[in-house]
Amino acid sequence: MVNEHIPTGSFGVFAGLSFFDEGRAAIVEQLGYTAIWIPAVFDSGLRAIETVLEQTTSIMVGSAVVNIWTAPAHEVAQSFFRLEDRFPGRFLLSIGAGHREHLGDHPQTPYQGVSAYLDALAAAGVPQNRIAIGALRTRMLTLAKSRAGGANPYLTTVEHTRFARRVLGHGPLLAPERKIVFDTDPATARHTARQTLAFYLQMSNYVSTLNDFGFPDLTPGDVASDALVDALVSHGTTEQIAEGLRAHLHAGADHVAIQPLHPGFDMGAIDPATIEANHGRIPELAAVAPTLMPGLTELATTLGLTPQ
């Protein structure tokens, strides 16, 4: 029997598979974080998810997101049940349509594609409450409310979280991603943030969403202003970072997926095709991951997480 509800707790860690190599997944779990989120899942076999589940004992592992154009729904459903059999109640399947700038156009719109994908998952018996959608705008958030267990928006502001909760209403999961930089110098922290934001500010869906949430003049390819950086990325002391994370909870989030950034890792330099070909592994991320763990350790204490 499939457990239809899955607890996420308040704070998780969002990072590519390579971040969690060398026992770091287990350390994140031991620190008291209650979820691990793996982005850019192109493989319907969900091997990256399975790898993290194998390295941990109780923490929830979510996909953020499984790409609906590259991972056939019937195959993902089979993988879901395989993981459910091995790790009952620990996997949250989040799906999304990705970006046409990287994957090209499709006959269906993102909404049509996600809706059809949900149809296929439902036909295969995947419980609705074990599915989330990487939703940003009203129509997709409404779909997450009516046909999934909730939403995990990416690259959004606190104001967007407040809006998303209004659309979702009470009950569905709302788990926004939030980037952080462990750097108390605002200038260098913002430089690190801009390095990563440059990649995402090429994407029209993110830019159009930010246009509606305080940045109406932003266009694809723009360099992030200080105000935009601060709206999307928490930096400073762990206390300041924790305050930025809690702001999303106060705005209506159930959970915040924390993505630590490092000046030595530029997501924009990584071709999505390379991620897919390497089954989710990014050596450049593995190289910087150890230097981010002390910050996550201190942050866990600041957030009052309970060590396992």
# chains A, B, ... in the order shown; residues from 1 in each chain; ligands from 1
$ residues_around --residues "segment 7-10 of chain A" --least-positions-apart "5" --cutoff "12 Å" --atoms "only C-alpha atoms" --output "CSV table (one decimal) with C-alpha atoms, in the first residue's frame"
chain,number,residue,atom,x,y,z
A,29,GLU,CA,20.0,14.1,7.3
A,32,GLY,CA,18.2,17.7,11.1
A,33,TYR,CA,17.2,18.9,7.6
A,34,THR,CA,14.1,17.1,6.6
A,35,ALA,CA,14.3,16.9,2.8
A,36,ILE,CA,16.8,16.6,0.0
A,37,TRP,CA,15.8,18.0,-3.4
A,58,SER,CA,14.5,8.6,6.9
A,59,ILE,CA,14.8,11.9,5.1
A,60,MET,CA,12.3,12.8,2.3
A,61,VAL,CA,13.9,13.0,-1.2
A,62,GLY,CA,12.2,15.1,-3.8
A,89,GLY,CA,6.9,7.1,2.0
A,90,ARG,CA,10.1,8.9,1.3
A,91,PHE,CA,9.9,10.0,-2.3
A,92,LEU,CA,8.0,13.1,-3.5
A,129,ASN,CA,-0.6,13.7,-2.8
A,130,ARG,CA,2.7,12.2,-3.7
A,149,GLY,CA,-0.3,17.5,-3.7
A,150,GLY,CA,1.2,21.0,-4.0
A,152,ASN,CA,7.6,23.7,-5.3
A,172,PRO,CA,-1.5,21.8,-0.5
A,173,LEU,CA,2.2,21.7,0.0
A,174,LEU,CA,4.1,24.9,-0.8
A,175,ALA,CA,7.8,24.4,-0.9
A,176,PRO,CA,9.7,27.2,-2.6
A,177,GLU,CA,13.4,27.0,-3.3
A,242,ALA,CA,17.9,32.2,8.6
A,245,LEU,CA,14.4,31.6,5.0
A,246,ARG,CA,11.8,32.1,7.7
A,248,HIS,CA,9.0,32.4,3.3
A,249,LEU,CA,7.4,30.4,6.1
A,250,HIS,CA,5.8,33.5,7.4
A,252,GLY,CA,2.7,30.9,3.8
A,253,ALA,CA,5.3,28.3,2.8
A,254,ASP,CA,5.3,24.9,4.5
A,255,HIS,CA,8.9,24.1,3.6
A,256,VAL,CA,11.9,25.9,2.1
A,257,ALA,CA,14.3,24.1,-0.1
A,258,ILE,CA,17.7,25.8,0.6
A,300,ALA,CA,21.1,24.0,11.0
A,303,LEU,CA,17.4,27.3,12.4
A,304,GLY,CA,16.9,25.2,15.5
A,305,LEU,CA,16.9,21.9,13.7
A,306,THR,CA,17.0,18.7,15.7
$ select_by_dssp --residues "segment 77-168 of chain A" --states "alpha helix (DSSP H)" --output "VMD selection string"
chain A and resid 77 to 86 100 to 103 110 to 124 138 to 147 158 to 168
$ residues_around --residues "segment 71-80 of chain A" --least-positions-apart "2" --cutoff "8 Å" --atoms "only C-alpha atoms" --output "PDB file with N, CA, C and O atoms, in the first residue's frame"
ATOM      1  N   PHE A  42      16.296  14.234 -15.636  1.00  0.00           N
ATOM      2  CA  PHE A  42      15.894  13.933 -17.004  1.00  0.00           C
ATOM      3  C   PHE A  42      15.650  12.439 -17.209  1.00  0.00           C
ATOM      4  O   PHE A  42      15.088  12.037 -18.221  1.00  0.00           O
ATOM      5  N   ASP A  43      16.085  11.627 -16.257  1.00  0.00           N
ATOM      6  CA  ASP A  43      16.097  10.168 -16.384  1.00  0.00           C
ATOM      7  C   ASP A  43      14.840   9.571 -15.767  1.00  0.00           C
ATOM      8  O   ASP A  43      14.582   9.736 -14.569  1.00  0.00           O
ATOM      9  N   SER A  44      14.061   8.869 -16.562  1.00  0.00           N
ATOM     10  CA  SER A  44      12.822   8.271 -16.059  1.00  0.00           C
ATOM     11  C   SER A  44      13.090   7.158 -15.054  1.00  0.00           C
ATOM     12  O   SER A  44      12.198   6.778 -14.282  1.00  0.00           O
ATOM     13  N   GLY A  45      14.309   6.649 -15.011  1.00  0.00           N
ATOM     14  CA  GLY A  45      14.652   5.631 -14.027  1.00  0.00           C
ATOM     15  C   GLY A  45      14.858   6.191 -12.634  1.00  0.00           C
ATOM     16  O   GLY A  45      14.924   5.423 -11.664  1.00  0.00           O
ATOM     17  N   LEU A  46      14.969   7.519 -12.527  1.00  0.00           N
ATOM     18  CA  LEU A  46      15.114   8.214 -11.237  1.00  0.00           C
ATOM     19  C   LEU A  46      16.310   7.683 -10.440  1.00  0.00           C
ATOM     20  O   LEU A  46      16.256   7.568  -9.214  1.00  0.00           O
ATOM     21  N   VAL A  66      11.346  16.451 -12.246  1.00  0.00           N
ATOM     22  CA  VAL A  66      11.421  15.499 -13.352  1.00  0.00           C
ATOM     23  C   VAL A  66      10.897  16.210 -14.595  1.00  0.00           C
ATOM     24  O   VAL A  66       9.794  16.766 -14.590  1.00  0.00           O
ATOM     25  N   ASN A  67      11.698  16.212 -15.653  1.00  0.00           N
ATOM     26  CA  ASN A  67      11.305  16.912 -16.863  1.00  0.00           C
ATOM     27  C   ASN A  67      10.306  16.077 -17.661  1.00  0.00           C
ATOM     28  O   ASN A  67      10.599  14.945 -18.047  1.00  0.00           O
ATOM     29  N   ILE A  68       9.138  16.653 -17.915  1.00  0.00           N
ATOM     30  CA  ILE A  68       8.060  15.884 -18.552  1.00  0.00           C
ATOM     31  C   ILE A  68       8.343  15.550 -20.009  1.00  0.00           C
ATOM     32  O   ILE A  68       7.757  14.614 -20.561  1.00  0.00           O
ATOM     33  N   TRP A  69       9.263  16.293 -20.641  1.00  0.00           N
ATOM     34  CA  TRP A  69       9.532  16.052 -22.057  1.00  0.00           C
ATOM     35  C   TRP A  69      10.585  14.962 -22.270  1.00  0.00           C
ATOM     36  O   TRP A  69      10.654  14.377 -23.357  1.00  0.00           O
ATOM     37  N   ARG A  82       8.818   1.401  -7.790  1.00  0.00           N
ATOM     38  CA  ARG A  82      10.047   0.713  -7.389  1.00  0.00           C
ATOM     39  C   ARG A  82      10.644   1.374  -6.148  1.00  0.00           C
ATOM     40  O   ARG A  82      11.026   0.692  -5.188  1.00  0.00           O
ATOM     41  N   LEU A  83      10.708   2.718  -6.156  1.00  0.00           N
ATOM     42  CA  LEU A  83      11.249   3.430  -5.004  1.00  0.00           C
ATOM     43  C   LEU A  83      10.330   3.315  -3.793  1.00  0.00           C
ATOM     44  O   LEU A  83      10.800   3.213  -2.655  1.00  0.00           O
ATOM     45  N   GLU A  84       9.042   3.323  -4.037  1.00  0.00           N
ATOM     46  CA  GLU A  84       8.099   3.200  -2.926  1.00  0.00           C
ATOM     47  C   GLU A  84       8.234   1.839  -2.262  1.00  0.00           C
ATOM     48  O   GLU A  84       8.107   1.710  -1.034  1.00  0.00           O
ATOM     49  N   PHE A  91       9.690   9.359  -1.038  1.00  0.00           N
ATOM     50  CA  PHE A  91       9.937  10.042  -2.309  1.00  0.00           C
ATOM     51  C   PHE A  91       8.748  10.898  -2.701  1.00  0.00           C
ATOM     52  O   PHE A  91       7.606  10.444  -2.739  1.00  0.00           O
ATOM     53  N   LEU A  93       7.451  13.044  -5.869  1.00  0.00           N
ATOM     54  CA  LEU A  93       7.660  13.197  -7.302  1.00  0.00           C
ATOM     55  C   LEU A  93       7.170  14.574  -7.747  1.00  0.00           C
ATOM     56  O   LEU A  93       5.971  14.822  -7.822  1.00  0.00           O
ATOM     57  N   TYR A 117       0.604  14.727 -18.502  1.00  0.00           N
ATOM     58  CA  TYR A 117       1.514  13.910 -17.688  1.00  0.00           C
ATOM     59  C   TYR A 117       0.811  13.463 -16.404  1.00  0.00           C
ATOM     60  O   TYR A 117       0.936  12.307 -15.988  1.00  0.00           O
ATOM     61  N   ALA A 120      -1.450  10.617 -17.103  1.00  0.00           N
ATOM     62  CA  ALA A 120      -0.753   9.339 -17.227  1.00  0.00           C
ATOM     63  C   ALA A 120      -0.322   8.804 -15.865  1.00  0.00           C
ATOM     64  O   ALA A 120      -0.420   7.594 -15.608  1.00  0.00           O
ATOM     65  N   LEU A 121       0.146   9.685 -14.980  1.00  0.00           N
ATOM     66  CA  LEU A 121       0.532   9.239 -13.637  1.00  0.00           C
ATOM     67  C   LEU A 121      -0.671   8.720 -12.872  1.00  0.00           C
ATOM     68  O   LEU A 121      -0.593   7.701 -12.166  1.00  0.00           O
ATOM     69  N   ALA A 124      -1.681   5.350 -13.965  1.00  0.00           N
ATOM     70  CA  ALA A 124      -0.760   4.321 -13.470  1.00  0.00           C
ATOM     71  C   ALA A 124      -0.902   4.081 -11.976  1.00  0.00           C
ATOM     72  O   ALA A 124      -0.271   3.165 -11.438  1.00  0.00           O
ATOM     73  N   GLY A 125      -1.697   4.917 -11.301  1.00  0.00           N
ATOM     74  CA  GLY A 125      -1.951   4.704  -9.878  1.00  0.00           C
ATOM     75  C   GLY A 125      -1.074   5.484  -8.931  1.00  0.00           C
ATOM     76  O   GLY A 125      -1.114   5.250  -7.714  1.00  0.00           O
ATOM     77  N   VAL A 126      -0.270   6.429  -9.436  1.00  0.00           N
ATOM     78  CA  VAL A 126       0.556   7.242  -8.543  1.00  0.00           C
ATOM     79  C   VAL A 126      -0.361   8.170  -7.751  1.00  0.00           C
ATOM     80  O   VAL A 126      -1.131   8.927  -8.341  1.00  0.00           O
TER      81      VAL A 126
END
$ closest_residue --among "A:His235, A:Phe19, A:Ile131, A:Ala251" --to "Arg166 of chain A" --atoms "only C-alpha atoms"
A:Ala251
$ closest_residue --among "A:Arg147, A:Lys179, A:Val288, A:Gln308" --to "Val13 of chain A" --atoms "only C-alpha atoms"
A:Lys179
$ closest_residue --among "A:His170, A:Gly23, A:Gln128, A:Pro260" --to "Ile6 of chain A" --atoms "only C-alpha atoms"
A:Gln128
$ closest_residue --among "A:Leu210, A:Gln259, A:Leu155, A:Ala26" --to "Ile38 of chain A" --atoms "only C-alpha atoms"
A:Gln259
$ residues_around --residues "Thr209 of chain A" --least-positions-apart "2" --cutoff "9 Å" --atoms "only C-alpha atoms" --output "ChimeraX atom specification"
/A:136-137,156,160,204-207,211-213,215
$ write_last_selection --atoms "C-alpha atoms" --output "mmCIF file, in the first residue's frame"
data_model
loop_
_atom_site.group_PDB
_atom_site.id
_atom_site.type_symbol
_atom_site.label_atom_id
_atom_site.label_comp_id
_atom_site.auth_asym_id
_atom_site.auth_seq_id
_atom_site.Cartn_x
_atom_site.Cartn_y
_atom_site.Cartn_z
ATOM 1 C CA LEU A 136 4.971 29.598 -10.926
ATOM 2 C CA ARG A 137 1.889 31.256 -12.418
ATOM 3 C CA THR A 156 10.795 33.209 -6.473
ATOM 4 C CA HIS A 160 5.461 35.223 -4.763
ATOM 5 C CA SER A 204 11.508 33.759 -20.142
ATOM 6 C CA ASN A 205 9.250 32.019 -17.622
ATOM 7 C CA TYR A 206 11.320 33.196 -14.659
ATOM 8 C CA VAL A 207 11.667 36.717 -16.034
ATOM 9 C CA ASN A 211 7.999 41.106 -13.870
ATOM 10 C CA ASP A 212 4.809 40.572 -11.866
ATOM 11 C CA PHE A 213 6.538 40.548 -8.492
ATOM 12 C CA PHE A 215 10.666 43.867 -11.259
#
$ residues_around --residues "Phe199 of chain A" --least-positions-apart "3" --cutoff "8 Å" --atoms "only C-alpha atoms" --output "PyMOL selection string"
chain A and resi 195-196+202-203+267-268
$ closest_residue --among "A:Val181, A:Leu31, A:Val41, A:Glu298" --to "Ala277 of chain A" --atoms "only C-alpha atoms"
A:Val41
$ atom_distance --atom1 "atom CA of Thr274 of chain A" --atom2 "atom CA of Gly16 of chain A"
12.8 Å
$ atom_distance --atom1 "atom CA of Pro110 of chain A" --atom2 "atom CA of Ile133 of chain A"
11.4 Å
